Amino acid sequence: MKRNWMLICCLGVMTFLVGTAIAQEPTKPEAAPKLPADMPLLSANSNPNDENALPQRTKRTRQARHTTKREQSERAEGEQRFRENCGRCHQPPHKFPPRVMAAAIRHMRVRAMLTDEDMRLILKYMTQ
Amino acid sequence: MLSFGKAGFRKLAGAAAAVLFFALNALGQTQSQTGDVKPIPILQGSAGFITNFDGGDAHLAPIATPVVLVPVGERWLFETRANFETDMVQLPGRSGFHGQVEKQVDYAQIDFIANKYATVSVGRFLTPFGIYNERLYPVWIRNLQSDPLTLPIGIGPSNASTGVMVRGGFKARPQFDINYTVYFSTLVTTTPVDSDRFAGGRAGIFVPKARLEVGGSFQHLLQQERSNLFGFHAVWQPTKLPLDIRWEYARSKRGSGYWLEPAYKLSQLPFLQNEMRRTQLVARYQQFFTGQLASDSLPPVNTKQFEFGVNYYFMDGLKFTTNYGRQFSSIGNKNVWTLGLTYRFVVPMGPEGGRR
């Protein structure tokens with residue numbers, strides 16, 4: 001009987017988690033691409049030519065005016081490295097706040113044995 | 001004889017300033033290797049609620065795995081993962097499902113990023129033999145919820161090693177990166193953190209443009225039969241197709257075998273695109289051959305297994321997963337199937353927002 005309660009609790013926890021997961025879903029950009037913004041990363045792996053597959057898309061137009069050529073090329077390079085590396089083991093993740101991303105990238109550097117340069121460029125791309 | 005005039009002093013001061021400038025510049029560069037964003041401690045958690053039907057018996061397996069990451073300074077990282085898992089079954093004469101919660105520390109290690117080429121880790125770490133244990137094991141990552149038959153080969157009694165490991169990844173040529181890890185583990189007999197005494201290594205070549213990695217693992221057991229173990233792996237994600245192909249082979253005195261797992265996202269289908277791009281079809285074929293010596297954790301007879309599964313990703317950390325498989329061996333064929341929901345989240349343990 002006690003175990004049945006445990007089962008119910010587990011189901012309760014799962015429902016809660018699913019709820020928070022859905023609540024955490026990043027809000028959609030105004031100029032909404034027709035697919036939700038959280039999905040991009042799924043397809044960064046699946047369809048490399050899909051523009052919607054990029055986490056940085058929304059800010060891009062606004063920032064473009066201010067970024068220098070070098071920054072732009074670094075970002076393009078970061079994006080490229082992200083596509084090459086971040087879907088190899090798991091679904092490529094969506095963007096997290098910069099300092100969270102920095103911790104995760106350091107973890108991935110160790111776990112996935114990313115190169116120093118990969119780490120720098122991907123972090124830059126994921127946090128801008 | 002050395003004598004300093006005013007001009008000499010100026011030269012010296014100039015040289016000192018130049019040295020200081022270059023030193024600071026170099027320091028600045030090492031700092032910017034991690035970007036100008038300072039990492040904070042984070043909690044990554046994953047949970048799964050998996051139902052297995054193994055040859056007709058239902059098992060409920062709720063599982064939760066918190067991971068704590070504490071970055072320190074520019075070059076250090078403390079990482080640990082715990083695992084809480086229950087295998088609940090129906091017992092004859094009693095109602096409901098029953099089982100005990102098993103708790104384990106999967107790993108607890110300190111990593112020091114020494115330079116571009118090497119990171120040193122000390123503590124209890126996931127044994128990097130093959131790729132499954134270290135890279136694909138968490139419920140939110142694996143495409144099929146059942147473990148490969150060959151998983152226990154080379155990873156030690158509790159999937160982890162206790163000792164020291166050096167690893168790194170670097171660009172060897174413009175076309176490819178090399179990654180390597182070498183490790184030594186000592187004997188620990190305290191359950192559930194037991195480990196074997198062995199030394200080993202793994203190396204891989206990764207071609208970013210082709211998204212192809214191939215590699216091999218080696219291990220020498222420094223106890224019991226003192227044998228050598230080998231393994232090979234390959235991971236390929238063709239850039240033109242939403243396809244992942246993973247393969248692993250392992251050989252030891254206690255058994256050998258391989259698995260091959262293609263996974264295909266339906267994102268290229270022209271209809272129901274929003275649903276299709278979240279749907280992944282997975283298949284896995286595996287074969288296991290017994291070795292000269294017996295093992296508790298490996299199948300007792302030659303075994304073949306075929307599985308087919310469907311995953312649906314509601315979002316990047318949340319998926320519904322199901323798979324059906326059939327196992328063939330001389331002690332009887334059986335069906336294995338699973339149904340489950342897995343979830344992963346990442347939360348900061350400190351002020352998350354801005355730059356340093």
# chains A, B, ... in the order shown; residues from 1 in each chain; ligands from 1

call {"tool": "interface_residues", "arguments": {"of": "chain B", "to": "chain A", "cutoff": "7 Å", "atoms": "only C-alpha atoms", "output": "VMD selection string"}}
result
chain B and resid 33 to 35 37 to 42 62 71 96 to 98 116 119 135 to 136 141 168 to 171 179 208 211 239 241 to 243 265 267 274 315 to 316 348 352 to 354

call {"tool": "select_by_dssp", "arguments": {"residues": "stretch 74-161 of chain B", "states": "strand (DSSP E)", "output": "PyMOL selection string"}}
result
chain B and resi 76-86+88-90+97-98+101-113+119-126+160-161

call {"tool": "write_last_selection", "arguments": {"atoms": "C-alpha atoms", "output": "mmCIF file, in the first residue's frame"}}
result
data_model
loop_
_atom_site.group_PDB
_atom_site.id
_atom_site.type_symbol
_atom_site.label_atom_id
_atom_site.label_comp_id
_atom_site.auth_asym_id
_atom_site.auth_seq_id
_atom_site.Cartn_x
_atom_site.Cartn_y
_atom_site.Cartn_z
ATOM 1 C CA TRP B 76 38.625 24.497 -11.900
ATOM 2 C CA LEU B 77 35.401 22.580 -11.872
ATOM 3 C CA PHE B 78 33.873 20.363 -9.234
ATOM 4 C CA GLU B 79 31.206 18.060 -10.640
ATOM 5 C CA THR B 80 29.082 15.390 -9.065
ATOM 6 C CA ARG B 81 26.041 13.337 -9.936
ATOM 7 C CA ALA B 82 23.819 11.278 -7.688
ATOM 8 C CA ASN B 83 21.300 8.734 -8.837
ATOM 9 C CA PHE B 84 18.082 7.627 -7.147
ATOM 10 C CA GLU B 85 16.413 4.728 -8.821
ATOM 11 C CA THR B 86 13.730 2.226 -7.935
ATOM 12 C CA MET B 88 9.232 -1.647 -8.617
ATOM 13 C CA VAL B 89 7.567 -4.966 -9.410
ATOM 14 C CA GLN B 90 4.333 -6.661 -8.453
ATOM 15 C CA PHE B 97 4.222 -2.336 -7.033
ATOM 16 C CA HIS B 98 7.094 -2.750 -4.591
ATOM 17 C CA VAL B 101 15.144 3.098 -3.708
ATOM 18 C CA GLU B 102 18.759 2.621 -4.704
ATOM 19 C CA LYS B 103 21.013 5.582 -4.102
ATOM 20 C CA GLN B 104 24.383 6.033 -5.678
ATOM 21 C CA VAL B 105 26.970 8.707 -6.285
ATOM 22 C CA ASP B 106 27.699 8.215 -9.977
ATOM 23 C CA TYR B 107 30.701 10.498 -9.915
ATOM 24 C CA ALA B 108 32.329 13.173 -7.772
ATOM 25 C CA GLN B 109 35.422 14.683 -9.307
ATOM 26 C CA ILE B 110 37.569 17.772 -9.404
ATOM 27 C CA ASP B 111 38.752 18.912 -12.819
ATOM 28 C CA PHE B 112 41.692 21.195 -13.392
ATOM 29 C CA ILE B 113 42.005 22.670 -16.878
ATOM 30 C CA THR B 119 42.587 18.606 -18.106
ATOM 31 C CA VAL B 120 43.366 16.608 -14.989
ATOM 32 C CA SER B 121 40.517 15.011 -13.041
ATOM 33 C CA VAL B 122 40.762 13.397 -9.645
ATOM 34 C CA GLY B 123 38.150 11.482 -7.677
ATOM 35 C CA ARG B 124 35.403 9.146 -8.728
ATOM 36 C CA PHE B 125 34.682 9.512 -12.434
ATOM 37 C CA LEU B 126 32.641 7.637 -15.054
ATOM 38 C CA ALA B 160 32.984 4.420 -12.347
ATOM 39 C CA SER B 161 36.688 4.545 -11.520
#

call {"tool": "atom_distance", "arguments": {"atom1": "atom CA of B:Asp196", "atom2": "atom CA of B:Glu248"}}
result
22.2 Å

call {"tool": "atom_distance", "arguments": {"atom1": "atom CA of B:Arg278", "atom2": "atom CA of A:Cys86"}}
result
17.5 Å

call {"tool": "atom_distance", "arguments": {"atom1": "atom CA of B:Gly215", "atom2": "atom CA of B:Asn115"}}
result
22.9 Å

call {"tool": "residues_around", "arguments": {"residues": "stretch 221-228 of chain B", "least_positions_apart": "6", "cutoff": "7 Å", "atoms": "only C-alpha atoms", "output": "list of chain:residue names"}}
result
B:Arg197, B:Phe198, B:Ala199, B:Ser252

call {"tool": "write_last_selection", "arguments": {"atoms": "N, CA and C atoms", "output": "mmCIF file, in the first residue's frame"}}
result
data_model
loop_
_atom_site.group_PDB
_atom_site.id
_atom_site.type_symbol
_atom_site.label_atom_id
_atom_site.label_comp_id
_atom_site.auth_asym_id
_atom_site.auth_seq_id
_atom_site.Cartn_x
_atom_site.Cartn_y
_atom_site.Cartn_z
ATOM 1 N N ARG B 197 40.737 -2.186 -10.061
ATOM 2 C CA ARG B 197 42.063 -1.622 -10.300
ATOM 3 C C ARG B 197 42.407 -1.850 -11.768
ATOM 4 N N PHE B 198 42.498 -0.776 -12.505
ATOM 5 C CA PHE B 198 42.867 -0.891 -13.918
ATOM 6 C C PHE B 198 43.442 0.409 -14.436
ATOM 7 N N ALA B 199 44.049 0.328 -15.615
ATOM 8 C CA ALA B 199 44.557 1.536 -16.267
ATOM 9 C C ALA B 199 44.095 1.460 -17.706
ATOM 10 N N SER B 252 36.273 -8.423 -24.353
ATOM 11 C CA SER B 252 36.968 -8.713 -23.095
ATOM 12 C C SER B 252 36.954 -10.226 -22.887
#

call {"tool": "residues_around", "arguments": {"residues": "B:Leu144", "least_positions_apart": "6", "cutoff": "12 Å", "atoms": "only C-alpha atoms", "output": "VMD selection string"}}
result
chain B and resid 50 52 132 136 to 138 260 to 263 280 to 285 306 to 311 319 to 325 336 to 342

call {"tool": "closest_residue", "arguments": {"among": "B:Ser256, B:Tyr183, B:Phe314, B:Pro238", "to": "B:Glu275", "atoms": "only C-alpha atoms"}}
result
B:Phe314
